[in-house]
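Report on one structure; see the data block that follows.
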Amino acid sequence: MKKWPEWNQVGYLPTERKRFNVQGSEERFEIVEAKTGTVVWRGTTSPGLTDKASGEQAAKGDFSDLREPGTYLIHTARFEDAELTIADDCYHELHQALLRAFYYLRCGMELTEPFAGPWTHGACHRRQALIYGTDEYREVNGGWHDAGDYGKYTVAAAVAVADLLLAYEFNPAAFVRPLPLPETGSVQGMPDVLHECRYELEFLLKMQASDGGAFHKVTTYNFCGLDVMPEDDRLPLVLSPVSSTATGDLAAILALAARIYEPWDADFTSRCLDAAESAWSWMLRHPEGVPFHNPPEIKTGEYGDKCDRDERFWAAAELFRTTGKEDYHDALKQAVEGGGFDRCELGWVEVGGYGTIAYLFTDRLKTDAHLRSKLREEWLKRARRYQETAERDGYGVALEPDEYKWGSNMTILNHAQLLLIASIEASDALYRQTALEQLHYLLGRNVLGQSYVTGFGKNPIRHPHYRPGVGDGIEEAVPGMVSGGANPGLHDDYAREHLTGRPPAASFVDHELCYSCNEITIYWNSPAVFVTSFFVSFA
């Protein structure tokens, strides 16, 4: 039985590099107009070379010089014809759906048909939460459900909002088209990405304790069943204790938000900046850090992180960029001198890369030239490493075989984010091109021929680990949600039963029980929005 080639199932931009893969030996191929059958391109793939991550002979076909927009077929002797699109707007619908996915994750409000389509549900989790270790309760309604569960976690939320706000800051023209949302048009000219982020930011402001620290998370004591709809999850809510990682992240994201929202809402800007500086003061009063561990009674996601040096660096960098105060500049310099963290990593565990982005794009006249040069060179060195990794990989992926872990799609997208920032810093289009290759991987150019985004592509994710998707009885998945991706770690029973012995990049199954591979979460969607925003424009 013939297989499909492995290609970007959503589309290719006319002027960018266009590649696909076949498994096996060298293969002749044709690109044929879908309507007329006219052959518009002939070529031969590269020889099949063993790809360590996938365990397959991976041969690459290149038709980059075909630039005419249209619908085509990839035709080979050994494989089924694969329909592809070349268009300037091929990622527009995808970009909108990736952002709209956050609306579907809203907690505390009813999702209605005009905005949610068939994926509606009632208002949920509106009861107050017990502050752990006390007899006090606090109202923490709102925000986004973090993932396949209904918890809300400060460290995860901060990173997801950062990706979205930075996407808007770098590419505002990518966000001018309404989604729409219930808030669309409520503030003249404000794009929906800022409305959606504000929904989460208002929740994060509620997560700040009276002394400036940030509660680590609000969840139930245990996860509810997989088929329980949000409004039916009535288990008691509990606020887990304050941590320094959550507080540092809160300071950083609220300082960033104060900068972004200043043209739109002066009062909200002041609230965010005041809360950010209060969180920073808490960090100064706790120089040794306050790590987080789940209390014995709480069995939900821990998001544990023993090192808060990167969070301090990010917070200082954002506060310095927003306020220009030298106290924050001094703290940032001290964090770099002290070391002990990675200044290029992105993601909820290591957030140093966000601090570096903040500093690199601060007004040059305010920064230290030597420090800026140091951070820039570290960033470009990492970009060169990812570039070289992608060139060696059979599918153009900027990920080593041993880097396929839980949330590998996030890591791939984080690497694409770094490459895109490097393309700006170095004015090097090759970094941008390699970043786009990572999007090709996400959308089907991988050993499984799997589009890792629900609702997009010939073979999209259909059964994500996502409670409303299991409980709503609707066959079709909510579109625009990014799956965690290949993970050889065998962290759940379904993975152990079905994926044992598979190569890293092939360690994936589209099933709701395989949460270690097929869960969705806000900080997997957010870098996808960031990356895609560089390749769309509605202006």
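Going by the structure tokens order, chains are called A, B, ..., each with residues numbered from 1, while ligands are numbered from 1 in the order shown.
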Per DSSP on the backbone, what are the alpha helix (DSSP H) residues of segment 175-284 of chain A, as number ranges by chain? A: 192-206, 244-261, 266-284
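The environment of Lys374 of chain A within 12 Å, counting only C-alpha atoms and disregarding residues fewer than 6 places along the same chain, consists of Lys333, Val336, Glu337, Arg343, Cys344, Thr356, Tyr359, Leu360, Thr367, Asp368, Leu380 and Lys381 of chain A.
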Serialized selection, C-alpha atoms, as a JSON list (two decimals), in the first residue's frame:
```json
[["chain", "number", "residue", "atom", "x", "y", "z"],
["A", 333, "LYS", "CA", 23.91, 43.04, 35.27],
["A", 336, "VAL", "CA", 24.39, 37.98, 34.30],
["A", 337, "GLU", "CA", 27.58, 38.19, 36.37],
["A", 343, "ARG", "CA", 20.30, 33.19, 28.83],
["A", 344, "CYS", "CA", 18.95, 31.80, 25.54],
["A", 356, "THR", "CA", 17.74, 38.50, 26.69],
["A", 359, "TYR", "CA", 17.51, 43.63, 26.76],
["A", 360, "LEU", "CA", 18.44, 43.28, 23.09],
["A", 367, "THR", "CA", 21.96, 49.71, 27.55],
["A", 368, "ASP", "CA", 25.51, 48.72, 28.36],
["A", 380, "LEU", "CA", 23.67, 34.14, 17.63],
["A", 381, "LYS", "CA", 25.94, 31.30, 18.72]]
```
Determine, counting only C-alpha atoms, which protein, DNA and RNA residues have an atom within 12 Å of an atom of Asp492 of chain A; residues of the same chain fewer than 4 positions away are not included. Present the result as a PDB file with C-alpha atoms, in the first residue's frame.
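Result saved to result-v6.pdb:
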```
ATOM      1  CA  TRP A 406       7.639  15.831  26.758  1.00  0.00           C
ATOM      2  CA  ASN A 487       8.030  11.816  23.263  1.00  0.00           C
ATOM      3  CA  PRO A 488       9.967   8.550  23.728  1.00  0.00           C
ATOM      4  CA  ARG A 496       4.155   2.270  27.275  1.00  0.00           C
ATOM      5  CA  GLU A 497       1.716  -0.048  25.545  1.00  0.00           C
ATOM      6  CA  HIS A 498       1.955   1.436  22.056  1.00  0.00           C
ATOM      7  CA  LEU A 499       5.261   3.295  21.709  1.00  0.00           C
ATOM      8  CA  THR A 500       7.897   1.125  23.376  1.00  0.00           C
ATOM      9  CA  PHE A 508       3.732   9.612  19.066  1.00  0.00           C
ATOM     10  CA  VAL A 509       0.150   8.416  18.918  1.00  0.00           C
ATOM     11  CA  HIS A 511      -5.056   9.275  21.371  1.00  0.00           C
ATOM     12  CA  GLU A 512      -6.673  11.107  24.297  1.00  0.00           C
ATOM     13  CA  LEU A 513      -5.204   8.660  26.826  1.00  0.00           C
ATOM     14  CA  CYS A 514      -1.651   9.392  25.704  1.00  0.00           C
ATOM     15  CA  TYR A 515      -1.278  12.598  27.683  1.00  0.00           C
ATOM     16  CA  SER A 516       2.535  12.537  27.576  1.00  0.00           C
ATOM     17  CA  CYS A 517       2.399  12.940  23.783  1.00  0.00           C
ATOM     18  CA  ASN A 518      -0.984  14.311  22.852  1.00  0.00           C
ATOM     19  CA  GLU A 519      -1.990  16.854  25.485  1.00  0.00           C
TER      20      GLU A 519
END
```
For a quick check of understanding, using only C-alpha atoms, which of A:Arg312, A:Lys52, A:Arg376, A:Arg271 has the smallest distance to Leu201 of chain A? A:Arg271
List the spatial neighbours of Gly151 of chain A as an mmCIF file with C-alpha atoms, in the first residue's frame - criterion: any atom at most 6 Å away, only C-alpha atoms, same-chain residues fewer than 3 positions off excluded.
```
data_model
loop_
_atom_site.group_PDB
_atom_site.id
_atom_site.type_symbol
_atom_site.label_atom_id
_atom_site.label_comp_id
_atom_site.auth_asym_id
_atom_site.auth_seq_id
_atom_site.Cartn_x
_atom_site.Cartn_y
_atom_site.Cartn_z
ATOM 1 C CA HIS A 145 -7.293 26.524 31.650
ATOM 2 C CA ASP A 146 -3.665 25.531 31.354
ATOM 3 C CA THR A 219 -6.248 23.868 41.034
#
```
Selection near Ala416 of chain A, 9 Å with only C-alpha atoms, sequence-local residues under 6 positions removed, as a ChimeraX atom specification: /A:386,398,431-432,434-439,527,531
Restricting the output to N, CA and C atoms, write the selected residues as an mmCIF file, in the first residue's frame.
```
data_model
loop_
_atom_site.group_PDB
_atom_site.id
_atom_site.type_symbol
_atom_site.label_atom_id
_atom_site.label_comp_id
_atom_site.auth_asym_id
_atom_site.auth_seq_id
_atom_site.Cartn_x
_atom_site.Cartn_y
_atom_site.Cartn_z
ATOM 1 N N TYR A 386 21.528 25.726 16.263
ATOM 2 C CA TYR A 386 20.252 25.205 15.791
ATOM 3 C C TYR A 386 20.248 25.089 14.270
ATOM 4 N N ALA A 398 15.397 21.457 13.954
ATOM 5 C CA ALA A 398 16.462 21.998 14.800
ATOM 6 C C ALA A 398 16.428 21.354 16.183
ATOM 7 N N TYR A 431 18.349 32.243 8.908
ATOM 8 C CA TYR A 431 17.734 31.909 10.194
ATOM 9 C C TYR A 431 16.209 31.904 10.067
ATOM 10 N N ARG A 432 15.678 32.858 9.366
ATOM 11 C CA ARG A 432 14.224 32.920 9.135
ATOM 12 C C ARG A 432 13.763 31.680 8.372
ATOM 13 N N THR A 434 15.162 28.749 8.282
ATOM 14 C CA THR A 434 15.222 27.567 9.138
ATOM 15 C C THR A 434 14.080 27.572 10.144
ATOM 16 N N ALA A 435 13.698 28.737 10.625
ATOM 17 C CA ALA A 435 12.540 28.829 11.514
ATOM 18 C C ALA A 435 11.286 28.336 10.805
ATOM 19 N N LEU A 436 11.135 28.697 9.537
ATOM 20 C CA LEU A 436 9.973 28.250 8.774
ATOM 21 C C LEU A 436 9.987 26.735 8.591
ATOM 22 N N GLU A 437 11.160 26.137 8.490
ATOM 23 C CA GLU A 437 11.247 24.674 8.394
ATOM 24 C C GLU A 437 10.625 24.005 9.623
ATOM 25 N N GLN A 438 10.728 24.655 10.769
ATOM 26 C CA GLN A 438 10.145 24.084 11.977
ATOM 27 C C GLN A 438 8.622 24.105 11.895
ATOM 28 N N LEU A 439 8.074 25.128 11.256
ATOM 29 C CA LEU A 439 6.634 25.171 11.032
ATOM 30 C C LEU A 439 6.221 24.075 10.053
ATOM 31 N N PRO A 527 3.971 29.715 21.351
ATOM 32 C CA PRO A 527 5.087 29.882 20.415
ATOM 33 C C PRO A 527 4.676 29.620 18.971
ATOM 34 N N VAL A 531 5.618 32.189 16.045
ATOM 35 C CA VAL A 531 6.331 31.814 14.820
ATOM 36 C C VAL A 531 5.484 32.135 13.596
#
```
If you count only C-alpha atoms, which residues fall within 10 Å of Tyr150 of chain A, apart from same-chain ones fewer than 4 positions away, as a list in words? Leu105, Arg106, Cys107, Cys124, His125, Trp144, His145, Asp146, Val218, Thr219, Thr220, Phe223, Cys224, Met229, Pro230, Asp233, Thr300, Tyr466, Arg467 and Pro468 of chain A
Could you give me, as an mmCIF file with N, CA and C atoms, in the first residue's frame, each residue of segment 80-163 of chain A that DSSP assigns to strand (DSSP E) when run on this structure's backbone?
```
data_model
loop_
_atom_site.group_PDB
_atom_site.id
_atom_site.type_symbol
_atom_site.label_atom_id
_atom_site.label_comp_id
_atom_site.auth_asym_id
_atom_site.auth_seq_id
_atom_site.Cartn_x
_atom_site.Cartn_y
_atom_site.Cartn_z
ATOM 1 N N ALA A 82 0.177 13.870 -3.270
ATOM 2 C CA ALA A 82 -0.095 14.733 -2.121
ATOM 3 C C ALA A 82 -0.450 16.125 -2.612
ATOM 4 N N GLU A 83 -1.606 16.632 -2.195
ATOM 5 C CA GLU A 83 -2.048 17.958 -2.622
ATOM 6 C C GLU A 83 -1.379 19.032 -1.779
ATOM 7 N N LEU A 84 -0.822 20.027 -2.449
ATOM 8 C CA LEU A 84 -0.172 21.121 -1.733
ATOM 9 C C LEU A 84 -0.659 22.455 -2.270
ATOM 10 N N THR A 85 -0.522 23.456 -1.427
ATOM 11 C CA THR A 85 -0.916 24.816 -1.776
ATOM 12 C C THR A 85 0.297 25.727 -1.732
ATOM 13 N N ILE A 86 0.403 26.600 -2.709
ATOM 14 C CA ILE A 86 1.371 27.693 -2.680
ATOM 15 C C ILE A 86 0.551 28.983 -2.702
ATOM 16 N N ALA A 129 -11.307 30.089 46.077
ATOM 17 C CA ALA A 129 -10.292 29.073 46.351
ATOM 18 C C ALA A 129 -9.736 29.264 47.756
ATOM 19 N N LEU A 130 -9.524 28.171 48.446
ATOM 20 C CA LEU A 130 -8.887 28.200 49.760
ATOM 21 C C LEU A 130 -7.400 28.472 49.600
ATOM 22 N N ILE A 131 -6.883 29.416 50.357
ATOM 23 C CA ILE A 131 -5.437 29.640 50.384
ATOM 24 C C ILE A 131 -4.825 28.534 51.239
ATOM 25 N N TYR A 137 -10.168 32.453 52.034
ATOM 26 C CA TYR A 137 -10.535 32.157 50.654
ATOM 27 C C TYR A 137 -10.282 33.396 49.790
ATOM 28 N N ARG A 138 -10.056 33.152 48.508
ATOM 29 C CA ARG A 138 -9.786 34.253 47.580
ATOM 30 C C ARG A 138 -10.492 33.972 46.256
ATOM 31 N N LYS A 152 -4.778 26.242 36.697
ATOM 32 C CA LYS A 152 -4.226 27.510 36.215
ATOM 33 C C LYS A 152 -2.931 27.764 36.983
ATOM 34 N N TYR A 153 -1.840 27.909 36.242
ATOM 35 C CA TYR A 153 -0.495 27.901 36.815
ATOM 36 C C TYR A 153 0.228 29.188 36.426
#
```
So that I can check the surroundings of segment 206-211 of chain A, please list as a PyMOL selection string every protein, DNA and RNA residue that reaches within 7 Å of it, counting only C-alpha atoms and ignoring chain neighbours fewer than 3 positions away. chain A and resi 140+202-203+214-215+282
Would you save the residues from that selection as a compact mmCIF listing (two decimals), in the first residue's frame, using C-alpha atoms?
```txt
# COMPACT_ATOMS: atom_id res chain seq x y z
CA VAL A 140 -9.38 33.95 41.41
CA GLU A 202 -6.58 40.09 34.89
CA PHE A 203 -6.44 36.60 36.36
CA ALA A 214 2.58 35.20 43.54
CA PHE A 215 0.65 32.07 44.34
CA TRP A 282 9.16 40.57 47.17
```
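You will find atom CA of Leu284 of chain A at 22.3 Å from atom CA of Arg259 of chain A.
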